[in-house]
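Q: Below is a structure I'd like to ask you about.
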Amino acid sequence: MELKETLLSSFIAFEEHIDVDASIHDIRNSAIKIFEEKGFPTKKEEAWKYTSLNAVLKKNYTVFPKYDSGIEFKDVKKYFLHEIDTYKVIFVDGKFSSFLSATTHDGLDVCTMSSALNKPKYKMVIDEYFHKIAKKDDSLTALNTAFAVEGAYINVPKSKVVEKPIEIIYFSTGAENALMVQPRNLIIVGENAHVQIIERHQSLNENTVLTNAVTEVFAQKRAIVDYYKIQNDLLSANLVDNTYIAQKQESRVAVHTFSFGGNITRNNLNFYHQGERIDSTLKGITIIGDKQLVDHYTLVHHAQPNCESHQNYKCIVAENATAVFNGKIFVEKEAQKTDAFQQSNNILLSDKATVNAKPQLEIFADDVKCSHGCTIGQLDETAMFYMQQRGIPKKEAKALLMYAFSNEVFESIKIPELKQRITKIIAQKLGVNLGFDL
Amino acid sequence: MSKYTEDNLKIDLETKEYEYGFYTDIESETFPVGLNEDIVRAISKKKEEPEWMTEWRLEAYRAWKEMTEPEWANVHYTKPDFQAISYYSAPKSQAKYNSLDEVDPELLETFKKLGISLDEQKALAGVAMDIVVDSVSVATTFKKTLAEKGIIFMSISEAIREYPELVQKYLGTVVPQRDNFYAALNSAVFSDGSFCYIPKGVKCPMELSTYFRINQAGTGQFERTLVIADEGSYVSYLEGCTAPSRDENQLHAAVVELIALDDAEIKYSTVQNWFPGNKEGQGGVYNFVTKRGLCEKNAKISWTQVETGSAVTWKYPSCVLKGDNSVGEFYSIAVTNNFQQADTGTKMVHLGKNTRSTIISKGISAGKSQNSYRGLVQIGPRAENARNFSQCDSLLMGNACGAHTFPYIESKNQSAQIEHEATTSKIGEDQVFYCNQRGIPTEKAIALIVNGFSKDVLNKLPMEFAVEAQKLLEISLEGSVG
């Protein structure tokens with residue numbers, strides 16, 4: 001049976017199984033209808049022109065895995081940012097693992113979506129925020145909405161500065177041959193509040209995983225949100241990550257995406273401005289090889305005056321890998337004095353690697369500063385020669401140049417331990433030991 | 001002195017009527033409206049075409065029937081009814097003229113209004129013209145001079161009769177019949193156009209030029225241009241057009257094919273000023289054009305365009321850089337005003353080694369217009385050391401218009417270097433202030449700034465054309481070009 005049919009038929013059973021209040025029930029029902037009508041995206045759609053899910057969808061996925069968490073903390077310790085204390089919301093095969101997690105209700109809510117959906121005390125918040133900013137007619141988002149039952153729920157009240165980062169990790173144990181999970185996160189950051197979030201998807205063995213995640217982030221007035229996405233999964237993992245961010249006036253939201261692993265990774269990152277003097281930052285480092293594909297699809301919707309957005313994506317593509325960057329800046333005619341910047345730099349390391357870029361501007365206001373740049377090239381030969389002349393082996397010289405290339409994105413990571421961690425992952429990826437930290 | 005501000009300019013622009021809107025009353029022979037195989041056959045028969053040509057047209061027609069109109073472009077319009085168009089219209093007097101005196105005086109008057117005095121052109125500019133009014137060429141000059149060099153420059157229907165082997169060899173090789181909806185339509189029904197062949201090693205001594213006009217009410221015009229530059233030759237080709245005011249939307253679907261063989265160079269310049277519609281957005285020409293050039297080894301094709309007219313423009317002059325070391329260039333100014341919509345850009349397809357391409361695109365939008373750049377830079381896996389530089393700048397006047405950029409960049413070769421940059425801005429108050437301070441009135445200052453903004457492209461136009469380009473820019477943005 002095709003995956004679409006499997007999902008549609010299991011929806012009925014799923015609806016009967018869970019018992020949540022009527023409003024969510026209606027949202028689910030209308031969402032599954034949208035998915036039924038649209039199906040999975042194909043290459044014929046402009047937004048999916050360069051990325052085909054066909055091969056991935058052919059697997060026989062288990063949609064509702066049996067709960068069997070046999071994993072020990074020591075097995076997965078390396079995936080945590082264990083050097084520092086953090087809040088943790090951990091899921092294993094789509095189910096919440098209280099054993100691995102460190103949640104809180106003290107001063108802020110860091111807990112699970114299932115409890116937020118079920119407990120009456122959260123009803124008002126859910127009514128106000130759940131599925132409010134996510135794109136309703138996007139088929140994969142709709143599919144996630146229809147099956148939304150678990151994920152992270154974070155609510156930071158007014159003026160709260162969260163003292164330690166929050167880690168959200170999704171593990172898949174590989175107990176099933178092929179597993180499809182659909183986490184749903186809701187993050188609300190109150191006025192003047194500040195929070196740092198690290199999100200990661202990790203499979204623990206070679207069995208296929210397909211993750212279709214949706215995250216909604218609401219940043220209220222003057223809130224500051226730093227969101228880090230680490231994508232360093234095994235080559236058997238596929239990820240479609242849909243993130244929708246709504247910003248109120250003077251808020252600052254930065255999303256850093258580090259894509260190193262995974263078979264197919266698609267990041268749909270959408271920013272919507274709902275106030276003046278907003279600052280949005282979208283940065284990414286992508287280093288891929290083998291037959292990997294990473295597709296960054298970004299949208300910044302400037303609807304109000306005096307806002308800024310900065311996009312900076314660095315991509316290093318080796319072997320048979322493909323990197324896609326599709327960025328759109330949309331400036332409404334009310335959004336005067338917008339300062340929007342978008343840059344995509346790519347390095348191709350092999351003749352079989354491909355880079356497809358489509359940086360777009362759609363501008364309806366005249367008093368704006370909008371620019372975008374895109375480059376595709378290779379490592380500077382003279383710089384390589386310079387280093388080799390001074391006794392730095394080729395491999396290390398190459399790695400140094402690549403570090404330098406991605407430095408612009410690095411330097412804005414605000415958690416030092418995370419910076420180190422990313423440096424290590426990159427060194428590992430490049431097969432070198434540089435013996436210094438950036 | 002009353003202050004001339006950008007708002008004044010905007011009002012001026014909006015109220016500016018189309019100056020070249022007139023209608024020449026020449027008796028025309030027009031086919032009944034509608035399109036079917038019989039009409040295609042009839043057109044072919046009318047042109048006294050050989051059998052293979054008729055078949056070629058029919059093949060295109062059959063392909064077209066299966067196709068649907070493309071919808072991906074960032075333009076909105078009422079789709080033309082293809083069965084309500086007459087596909088053939090020609091001035092009745094078919095006699096060949098030996099001198100200008102024999103040409104219908106009314107027709108000559110038309111050219112005078114357009115500022116094309118044949119005599120003057122002959123004497124001063126040294127431009128040979130193949131003038132097309134409603135699809136049939138009626139006057140050709142300088143043919144003799146060109147003939148001495150072995151250059152063939154004539155209407156394509158003549159070429160089909162006189163040089164069938166050349167036409168058959170190259171027609172449809174760059175833009176195949178089934179390339180796209182409008183190219184297929186054009187292939188089926190094209191009535192006339194220009195044909196040019198430059199023999200091996202010949203540098204064409206003058207700028208070749210054609211003017212197109214849409215003249216008959218309710219007539220779509222479908223030109224077909226084929227330029228072949230044989231090994232080591234050079235040609236500069238100019239194309240320009242103006243159209244009379246008309247309420248009904250007119251369709252213009254041309255196909256231009258350029259073939260630059262080894263070491264050849266073709267420079268193709270266009271000034272397009274079809275009727276853009278009135279300031280309420282009624283009427284105006286639909287301009288759906290397919291232009292593409294093929295470069296063999298060491299060849300070079302350069303497209304320069306100044307787009308000021310048409311209600312809807314859909315045009316992507318492209319280069320297929322097939323041969324090693326070949327070069328493609330694209331320089332464009334697109335000006336939109338009132339309700340005009342333009343979706344224009346280029347495609348640079350790098351296939352050969354060491355191929356280079358440059359794209360400079362300047363968009364100016366005013367009024368309620370929408371101006372889009374859409375371009376593709378594609379580097380094939382065998383295109384070692386391919387190099388591309390693209391720059392797309394937009395200038396917005398007022399906040400009712402839009403500027404859009406949709407570049408597609410696809411690279412499959414590690415040694416390729418691609419750069420793309422785009423900016424959007426308005427005329428800076430500080431720039432205007434600087435000029436004012438130095439005694440330059442605002443109107444002149446804006447002219448200066450717009451001129452500077454477009455200079456990169458204007459500079460690429462041949463001398464003979466630059467004057468006209470400035471003149472045509474004036475119509476779209478009066479007061480901004482000095």
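Labels used: A, B, ... for chains in the order of the structure tokens, numbers from 1 for residues in each chain, and numbers from 1 for ligands as shown.
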With a distance cut-off of 8 Å and only C-alpha atoms, select the neighbouring residues of Val368 in chain A, excluding the residue or stretch itself and same-chain residues fewer than 4 positions from it, and output the selection as a VMD selection string.
A: (chain A and resid 336 to 339) or (chain B and resid 424 to 426)
Q: Take the residues from that selection and write them out as a PDB file, in the first residue's frame, keeping N, CA and C atoms.
A:
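As a result, again35.pdb now contains:
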```pdb
ATOM      1  N   GLN A 336       7.961  49.799   4.426  1.00  0.00           N
ATOM      2  CA  GLN A 336       9.010  50.740   4.015  1.00  0.00           C
ATOM      3  C   GLN A 336      10.193  50.628   4.972  1.00  0.00           C
ATOM      4  N   LYS A 337      11.343  51.097   4.506  1.00  0.00           N
ATOM      5  CA  LYS A 337      12.583  51.089   5.284  1.00  0.00           C
ATOM      6  C   LYS A 337      13.012  49.678   5.694  1.00  0.00           C
ATOM      7  N   THR A 338      12.601  48.718   4.919  1.00  0.00           N
ATOM      8  CA  THR A 338      13.051  47.354   5.183  1.00  0.00           C
ATOM      9  C   THR A 338      14.522  47.216   4.799  1.00  0.00           C
ATOM     10  N   ASP A 339      15.252  46.480   5.615  1.00  0.00           N
ATOM     11  CA  ASP A 339      16.640  46.170   5.261  1.00  0.00           C
ATOM     12  C   ASP A 339      16.744  44.650   5.204  1.00  0.00           C
TER      13      ASP A 339
ATOM     14  N   THR B 424      17.835  46.222  -4.843  1.00  0.00           N
ATOM     15  CA  THR B 424      16.633  46.986  -5.137  1.00  0.00           C
ATOM     16  C   THR B 424      16.738  48.298  -4.394  1.00  0.00           C
ATOM     17  N   SER B 425      16.446  49.379  -5.071  1.00  0.00           N
ATOM     18  CA  SER B 425      16.568  50.660  -4.392  1.00  0.00           C
ATOM     19  C   SER B 425      15.641  51.679  -5.026  1.00  0.00           C
ATOM     20  N   LYS B 426      15.612  52.863  -4.460  1.00  0.00           N
ATOM     21  CA  LYS B 426      14.878  53.944  -5.100  1.00  0.00           C
ATOM     22  C   LYS B 426      15.864  55.067  -5.368  1.00  0.00           C
TER      23      LYS B 426
END
```
Q: Using only C-alpha atoms and a cut-off of 9 Å, which residues of chain B sit close to chain A? Please list them as a PyMOL selection string.
A: chain B and resi 72+370+372+378+381-382+393+395-428
Q: Report, in Å to a single decimal, how far apart CA of Ser114 in chain A and CA of Gly151 in chain A are.
A: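 Those two atoms sit 7.2 Å apart.
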Q: Any idea what's packed within 7 Å of Val255 in chain B, counting only C-alpha atoms, ignoring anything in its chain fewer than 3 positions away? Could you give it as a ChimeraX atom specification?
A: /B:183,186,223-225,289-291
Q: Next, write the just-selected residues to a file, as a PDB file, in the first residue's frame, keeping C-alpha atoms as the atom set.
A:
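Saved file again.pdb follows:
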```
ATOM      1  CA  ALA B 183       7.269  29.058 -30.229  1.00  0.00           C
ATOM      2  CA  ASN B 186       4.933  30.892 -34.252  1.00  0.00           C
ATOM      3  CA  GLU B 223       7.871  37.060 -37.005  1.00  0.00           C
ATOM      4  CA  ARG B 224      10.565  34.559 -37.443  1.00  0.00           C
ATOM      5  CA  THR B 225      14.144  35.673 -37.525  1.00  0.00           C
ATOM      6  CA  VAL B 289       8.929  36.091 -27.469  1.00  0.00           C
ATOM      7  CA  THR B 290      11.341  33.199 -27.721  1.00  0.00           C
ATOM      8  CA  LYS B 291      14.880  34.247 -28.502  1.00  0.00           C
TER       9      LYS B 291
END
```
Q: Which parts of range 170-292 of chain B does DSSP call strand (DSSP E) when run on the backbone here, written out as a count of residues only?
A: 52
Q: Quick check, in Å to one decimal: how far apart do CA of Asn451 in chain B and CA of Ile301 in chain B lie?
A: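 CA of Ile301 in chain B lies 25.3 Å from CA of Asn451 in chain B.
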Q: Give me, please, the distance in Å between CA of Ala340 in chain A and CA of Asp226 in chain A, quoted to one decimal.
A: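 About the pair CA of Ala340 in chain A and CA of Asp226 in chain A: they are 19.2 Å apart.
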Q: Counting only C-alpha atoms, which residue out of A:Lys283, A:Leu430, A:Gly262, A:Gln247 sits closest to His302 in chain A?
A: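 Looking at the shortest contact to His302 in chain A, the residue is A:Gln247.
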Q: For Lys200 in chain B, work out the shell of residues within 9 Å, counting only C-alpha atoms and skipping chain neighbours fewer than 2 positions away, then give it as a PyMOL selection string.
A: chain B and resi 198+202-203+229-233+264
Q: Do a neighbour search on range 143-146 of chain A at 10 Å with only C-alpha atoms, toss out local chain neighbours closer than 4 positions, and write the hits as a PyMOL selection string.
A: chain A and resi 4+7-8+11+14-15+24-36+39-40+130-131+134+136+138-139+181-184+211-214+242
Q: Emit the selected residues as a short mmCIF file (atom, residue, chain, number, x, y, z; two decimals), in the first residue's frame, including N, CA and C atoms.
A:
```
data_model
loop_
_atom_site.label_atom_id
_atom_site.label_comp_id
_atom_site.auth_asym_id
_atom_site.auth_seq_id
_atom_site.Cartn_x
_atom_site.Cartn_y
_atom_site.Cartn_z
N LYS A 4 0.69 7.19 1.26
CA LYS A 4 -0.44 8.12 1.40
C LYS A 4 -1.69 7.38 1.85
N LEU A 7 -1.43 6.24 5.45
CA LEU A 7 -1.65 7.34 6.39
C LEU A 7 -3.13 7.70 6.48
N LEU A 8 -3.78 7.73 5.31
CA LEU A 8 -5.20 8.11 5.31
C LEU A 8 -6.04 7.09 6.07
N PHE A 11 -5.54 7.17 9.82
CA PHE A 11 -6.03 8.38 10.48
C PHE A 11 -7.29 8.11 11.28
N PHE A 14 -6.46 6.35 14.38
CA PHE A 14 -5.75 7.30 15.22
C PHE A 14 -6.72 8.23 15.94
N GLU A 15 -7.71 8.71 15.20
CA GLU A 15 -8.70 9.62 15.77
C GLU A 15 -9.51 8.95 16.87
N ILE A 24 -9.36 20.89 18.40
CA ILE A 24 -8.21 20.24 17.76
C ILE A 24 -8.69 19.18 16.79
N HIS A 25 -9.75 18.52 17.21
CA HIS A 25 -10.34 17.48 16.37
C HIS A 25 -10.72 18.05 15.00
N ASP A 26 -11.32 19.23 15.00
CA ASP A 26 -11.71 19.87 13.74
C ASP A 26 -10.48 20.24 12.91
N ILE A 27 -9.47 20.77 13.60
CA ILE A 27 -8.24 21.15 12.89
C ILE A 27 -7.64 19.93 12.21
N ARG A 28 -7.59 18.81 12.98
CA ARG A 28 -7.05 17.57 12.42
C ARG A 28 -7.81 17.13 11.18
N ASN A 29 -9.14 17.17 11.30
CA ASN A 29 -9.96 16.69 10.19
C ASN A 29 -9.80 17.52 8.94
N SER A 30 -9.76 18.84 9.11
CA SER A 30 -9.61 19.65 7.90
C SER A 30 -8.20 19.48 7.33
N ALA A 31 -7.22 19.24 8.23
CA ALA A 31 -5.85 19.05 7.76
C ALA A 31 -5.71 17.78 6.94
N ILE A 32 -6.33 16.70 7.40
CA ILE A 32 -6.18 15.44 6.66
C ILE A 32 -6.84 15.56 5.30
N LYS A 33 -7.90 16.37 5.22
CA LYS A 33 -8.55 16.58 3.92
C LYS A 33 -7.63 17.29 2.95
N ILE A 34 -6.91 18.28 3.48
CA ILE A 34 -5.96 19.00 2.61
C ILE A 34 -4.88 18.05 2.12
N PHE A 35 -4.40 17.20 3.04
CA PHE A 35 -3.37 16.25 2.63
C PHE A 35 -3.92 15.24 1.61
N GLU A 36 -5.14 14.80 1.85
CA GLU A 36 -5.74 13.83 0.93
C GLU A 36 -5.85 14.43 -0.48
N GLY A 39 -1.75 15.40 -1.48
CA GLY A 39 -0.77 14.32 -1.48
C GLY A 39 0.63 14.81 -1.19
N PHE A 40 1.59 13.94 -1.35
CA PHE A 40 2.98 14.34 -1.13
C PHE A 40 3.44 15.23 -2.27
N PHE A 130 -2.00 27.20 18.75
CA PHE A 130 -1.79 25.97 17.99
C PHE A 130 -2.30 26.10 16.56
N HIS A 131 -1.43 25.79 15.60
CA HIS A 131 -1.78 25.82 14.19
C HIS A 131 -2.25 27.20 13.72
N ALA A 134 1.37 28.14 11.21
CA ALA A 134 1.75 27.12 10.22
C ALA A 134 0.91 27.27 8.97
N LYS A 136 -1.47 26.58 6.29
CA LYS A 136 -2.57 25.63 6.31
C LYS A 136 -2.65 24.78 5.04
N ASP A 138 -0.18 23.79 3.07
CA ASP A 138 1.01 23.01 2.72
C ASP A 138 0.74 21.55 3.06
N SER A 139 0.94 20.66 2.10
CA SER A 139 0.47 19.29 2.30
C SER A 139 1.20 18.58 3.44
N VAL A 181 7.92 9.42 11.76
CA VAL A 181 7.49 10.15 12.95
C VAL A 181 7.13 11.58 12.56
N GLN A 182 6.19 12.14 13.31
CA GLN A 182 5.73 13.49 12.98
C GLN A 182 5.65 14.35 14.24
N PRO A 183 6.79 14.79 14.73
CA PRO A 183 6.75 15.62 15.94
C PRO A 183 6.17 16.99 15.66
N ARG A 184 5.55 17.53 16.70
CA ARG A 184 4.93 18.85 16.57
C ARG A 184 5.35 19.69 17.77
N THR A 211 11.16 11.72 9.05
CA THR A 211 10.61 12.64 10.05
C THR A 211 9.96 13.81 9.34
N ASN A 212 8.74 14.08 9.72
CA ASN A 212 8.05 15.24 9.16
C ASN A 212 7.67 16.12 10.34
N ALA A 213 8.55 17.07 10.66
CA ALA A 213 8.36 17.86 11.87
C ALA A 213 7.78 19.23 11.56
N VAL A 214 6.96 19.72 12.46
CA VAL A 214 6.45 21.08 12.35
C VAL A 214 6.70 21.79 13.68
N ASN A 242 9.63 21.65 9.05
CA ASN A 242 8.87 22.86 8.75
C ASN A 242 8.85 23.75 9.98
#
```
Q: Excluding Asp75 in chain A and its own-chain neighbours fewer than 5 positions away, which residues fall within 12 Å of it when counting only C-alpha atoms? Please give them as a PDB file with N, CA and C atoms, in the first residue's frame.
A:
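File out_6.pdb, as written:
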```
ATOM      1  N   GLY A  70      14.522   0.885  25.162  1.00  0.00           N
ATOM      2  CA  GLY A  70      15.563   0.130  25.866  1.00  0.00           C
ATOM      3  C   GLY A  70      16.849   0.919  25.970  1.00  0.00           C
ATOM      4  N   PHE A  80      23.919  14.586  23.592  1.00  0.00           N
ATOM      5  CA  PHE A  80      23.508  15.719  24.423  1.00  0.00           C
ATOM      6  C   PHE A  80      24.629  16.728  24.529  1.00  0.00           C
ATOM      7  N   LEU A 100      14.882  10.116  30.204  1.00  0.00           N
ATOM      8  CA  LEU A 100      16.001  10.877  29.663  1.00  0.00           C
ATOM      9  C   LEU A 100      15.791  12.391  29.768  1.00  0.00           C
ATOM     10  N   PHE A 171      15.012  10.767  19.226  1.00  0.00           N
ATOM     11  CA  PHE A 171      15.792   9.581  18.879  1.00  0.00           C
ATOM     12  C   PHE A 171      14.894   8.584  18.151  1.00  0.00           C
ATOM     13  N   THR A 173      15.058   4.480  17.487  1.00  0.00           N
ATOM     14  CA  THR A 173      15.871   3.340  17.920  1.00  0.00           C
ATOM     15  C   THR A 173      16.114   2.349  16.800  1.00  0.00           C
ATOM     16  N   LEU A 204      19.496   5.819  15.835  1.00  0.00           N
ATOM     17  CA  LEU A 204      20.531   5.063  16.533  1.00  0.00           C
ATOM     18  C   LEU A 204      20.994   3.839  15.762  1.00  0.00           C
ATOM     19  N   ASN A 205      20.305   3.468  14.704  1.00  0.00           N
ATOM     20  CA  ASN A 205      20.883   2.469  13.797  1.00  0.00           C
ATOM     21  C   ASN A 205      20.411   2.708  12.371  1.00  0.00           C
TER      22      ASN A 205
END
```
Q: Identify all residues of range 30-188 of chain A in helix (DSSP H, G or I) (DSSP on the backbone) and supply them as a ChimeraX atom specification.
A: /A:30-38,46-48,54-57,73-79,113-118,120-129,139-146
Q: Tell me, as a ChimeraX atom specification, which residues lie within 12 Å of Glu165 in chain B, counting only C-alpha atoms; anything in the same chain fewer than 6 positions away does not count.
A: /B:50,52-53,159,171
Q: Just N, CA and C atoms for this one: save the residues we selected as a short mmCIF file (atom, residue, chain, number, x, y, z; two decimals), in the first residue's frame.
A:
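Output file again.cif is given in full below:
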```cif
data_model
loop_
_atom_site.label_atom_id
_atom_site.label_comp_id
_atom_site.auth_asym_id
_atom_site.auth_seq_id
_atom_site.Cartn_x
_atom_site.Cartn_y
_atom_site.Cartn_z
N PRO B 50 7.85 25.66 -50.34
CA PRO B 50 7.97 24.26 -50.77
C PRO B 50 7.25 23.32 -49.82
N TRP B 52 8.24 20.78 -47.95
CA TRP B 52 8.81 20.47 -46.62
C TRP B 52 8.47 21.54 -45.61
N MET B 53 8.37 22.79 -46.10
CA MET B 53 8.05 23.89 -45.19
C MET B 53 6.62 23.77 -44.68
N ALA B 159 13.92 33.88 -48.46
CA ALA B 159 15.01 32.95 -48.21
C ALA B 159 14.56 31.51 -48.38
N LEU B 171 16.73 26.12 -39.63
CA LEU B 171 15.46 26.53 -39.01
C LEU B 171 15.02 25.52 -37.95
#
```
Q: Using only C-alpha atoms, pick whichever of B:Glu429, B:Glu280, B:Glu207, B:Glu384 has the shortest atom-to-atom distance to Gln340 in chain B.
A: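 Counting only C-alpha atoms, the residue closest to Gln340 in chain B is B:Glu280.
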